[in-house]
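A.B. asks: Structure provided below as structure tokens; questions to follow.
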Amino acid sequence: MEAFITAAISWIVSTIGRMGYTGVVALMFLESSFFPFPSEVVVPPAGYLASQGQMNLFLVIAAGITGSILGALFNYWISLTFGRPFFRRFGKYVFVGEKALSRADEFFAKHGHISTFIGRLLPGIRQLISLPAGLARMNIPLFLFFTTLGSGIWVVILAYVGYWVGNNQELVHQYMHTATYISIAACIFLAAGYVIHYRRKNKRRNL
């Protein structure tokens with residue numbers, strides 16, 4: 001298994017080396033869409049190539065963010081186009097009816113910004129958060145802004161890990177585990193703060 005991972009990483013590094021920033025965009029598009037491709041094995045190798053002078057770190061970050069946005073928009077479009085027809089036809093079999101869709105619309109109208117931002121920072125959720133956003137027809141400019149913000153933070157972390165750690169996959173995994181735990185803790189703290197602020201705001205409004 002370890003030999004397979006090493007070979008895969010070597011292939012990715014060589015692919016990015018050949019395709020350059022287009023390769024980063026393409027692979028991050030896959031990572032952010034229906035074809036989950038771990039960003040941890042895409043951006044850090046590009047960061048490593050930047051440390052060797054073969055790429056520009058800031059262009060690597062821009063390419064990573066661009067790919068993430070394109071993948072998120074693809075998922076949003078898929079869900080927006082096919083989501084409601086699917087649930088209107090088959091929703092009764094999975095207990096998702098018109099009331100559930102209406103609640104999703106209402107939730108994303110109120111909390112779509114924070115949900116999208118936090119979702120882009122959480123492993124396993126960053127690829128999926130665009131689906132309920134599209135289903136709920138979240139405001140596109142808001143969706144793009146908070147997708148870019150969340151993706152940007154994650155891509156910057158990945159790029160700098162690769163830049164400073166290099167091609168040492170053991171250290172990359174170690175740093176990425178640490179970054180993931182910190183990200184999860186920060187998201188929990190942010191979500192709790194948002195809920196407290198929202199409830200206080202509602203109380204003041206009802207006085």
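Residue names in the structure tokens use chain letters A, B, ... in the order shown, residue numbers from 1 in each chain, and ligand numbers from 1 in the order shown.
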If DSSP is run on the backbone, what residues of chain A are alpha helix (DSSP H)? A reply as a PyMOL selection string would be ideal.
C.D. replies: chain A and resi 2-19+21-32+43-51+57-78+84-90+98-119+130-135+140-165+169-206
A.B. asks: Of the candidates A:Leu73, A:Ala186, A:Val41, A:Ala159, which one gets nearest to Ile129 (chain A) if we count only C-alpha atoms?
C.D. replies: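 Result for the nearest residue to Ile129 (chain A): A:Leu73.
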A.B. asks: Contacts of Ile65 (chain A) at 9 Å or less, counting only C-alpha atoms, minus same-chain residues fewer than 2 places along, as a list in words?
C.D. replies: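 Contacts, with the query itself left out: Val25, Met28, Val60, Ile61, Ala62, Ala63, Gly67, Ser68, Ile69, Leu70, Thr148, Ser151, Gly152, Trp154, Val155 and Val156 of chain A.
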A.B. asks: Name the closest residue to Glu106 (chain A) among the candidates A:Tyr48, A:Ala133, A:Ala192, A:Gly119; distances are taken between atoms, counting only C-alpha atoms.
C.D. replies: A:Ala133
A.B. asks: Would you compute the distance between CA of Leu135 (chain A) and CA of Ser79 (chain A)? Give it in Å to one decimal.
C.D. replies: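 Separation between CA of Leu135 (chain A) and CA of Ser79 (chain A): 5.3 Å.
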A.B. asks: Which neighbours of Asn56 (chain A) fall inside 9 Å, counting only C-alpha atoms, when residues of the same chain fewer than 6 positions from it are skipped, and could you give them as a list of chain:residue names?
C.D. replies: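 That gives A:Ala46, A:Gly47, A:Leu49, A:Ala50.
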A.B. asks: Restrict the selected residues to N, CA and C atoms and save them as a compact mmCIF listing (two decimals), in the first residue's frame.
C.D. replies:
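Output saved as selection-v8.txt:
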```txt
# COMPACT_ATOMS: atom_id res chain seq x y z
N ALA A 46 2.74 20.56 -5.71
CA ALA A 46 2.93 21.80 -6.48
C ALA A 46 3.69 22.82 -5.65
N GLY A 47 3.39 22.87 -4.34
CA GLY A 47 4.14 23.75 -3.45
C GLY A 47 5.61 23.36 -3.40
N LEU A 49 7.27 21.88 -5.85
CA LEU A 49 7.86 22.31 -7.11
C LEU A 49 8.13 23.82 -7.10
N ALA A 50 7.28 24.57 -6.40
CA ALA A 50 7.51 26.01 -6.27
C ALA A 50 8.77 26.28 -5.45
```
A.B. asks: Out of A:Ser51, A:Arg137, A:Thr116, A:Ser32, which residue has the shortest atom-to-atom distance to Ser102 (chain A) when counting only C-alpha atoms?
C.D. replies: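 Checking each candidate against Ser102 (chain A), we get A:Arg137 as the closest.
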A.B. asks: Of the residues A:Tyr175, A:Trp77, A:Phe145, A:Phe117, which is the one nearest to Leu158 (chain A), using only C-alpha atoms?
C.D. replies: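 Ranked by minimum distance to Leu158 (chain A), first place goes to A:Tyr175.
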A.B. asks: So how far away is CA of Ala109 (chain A) from CA of Ala191 (chain A), in Å?
C.D. replies: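 Computed distance, CA of Ala191 (chain A) to CA of Ala109 (chain A), equals 16.7 Å.
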A.B. asks: For Ala136 (chain A), which of A:Lys99, A:Arg120, A:Arg84, A:Arg199 is the closest residue, counting only C-alpha atoms?
C.D. replies: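 The closest residue to Ala136 (chain A) is A:Arg84.
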A.B. asks: If you measure from CA of Glu31 (chain A) to CA of Pro85 (chain A), what distance in Å do you get, rounded to one decimal?
C.D. replies: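 Taking CA of Glu31 (chain A) as the start and CA of Pro85 (chain A) as the end point, the length is 26.0 Å.
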A.B. asks: Please determine, counting only C-alpha atoms, which residue among A:Ser183, A:Gln127, A:Asn75, A:Gln174 has the shortest atom-to-atom distance to Ile153 (chain A).
C.D. replies: A:Ser183
A.B. asks: Compile the contact shell of Val161 (chain A) as a ChimeraX atom specification: residues with an atom at most 7 Å away, counting only C-alpha atoms, same-chain residues fewer than 3 positions apart removed.
C.D. replies: /A:44,157-158,164-165,172
A.B. asks: Write a file of the selected residues as a PDB file, in the first residue's frame, keeping N, CA and C atoms.
C.D. replies:
```pdb
ATOM      1  N   PRO A  44       0.244  20.191  -2.185  1.00  0.00           N
ATOM      2  CA  PRO A  44       1.595  20.130  -1.609  1.00  0.00           C
ATOM      3  C   PRO A  44       2.696  19.784  -2.610  1.00  0.00           C
ATOM      4  N   ILE A 157      -2.923  26.722   3.037  1.00  0.00           N
ATOM      5  CA  ILE A 157      -2.299  25.803   3.996  1.00  0.00           C
ATOM      6  C   ILE A 157      -1.583  24.677   3.270  1.00  0.00           C
ATOM      7  N   LEU A 158      -2.263  24.070   2.306  1.00  0.00           N
ATOM      8  CA  LEU A 158      -1.671  22.960   1.544  1.00  0.00           C
ATOM      9  C   LEU A 158      -0.413  23.398   0.805  1.00  0.00           C
ATOM     10  N   TRP A 164       7.317  24.294   2.407  1.00  0.00           N
ATOM     11  CA  TRP A 164       8.277  24.255   3.506  1.00  0.00           C
ATOM     12  C   TRP A 164       8.722  22.838   3.855  1.00  0.00           C
ATOM     13  N   VAL A 165       7.836  21.863   3.690  1.00  0.00           N
ATOM     14  CA  VAL A 165       8.177  20.490   4.069  1.00  0.00           C
ATOM     15  C   VAL A 165       8.871  19.777   2.921  1.00  0.00           C
ATOM     16  N   VAL A 172       4.538  15.588   5.263  1.00  0.00           N
ATOM     17  CA  VAL A 172       3.348  16.228   4.703  1.00  0.00           C
ATOM     18  C   VAL A 172       2.093  15.688   5.378  1.00  0.00           C
TER      19      VAL A 172
END
```
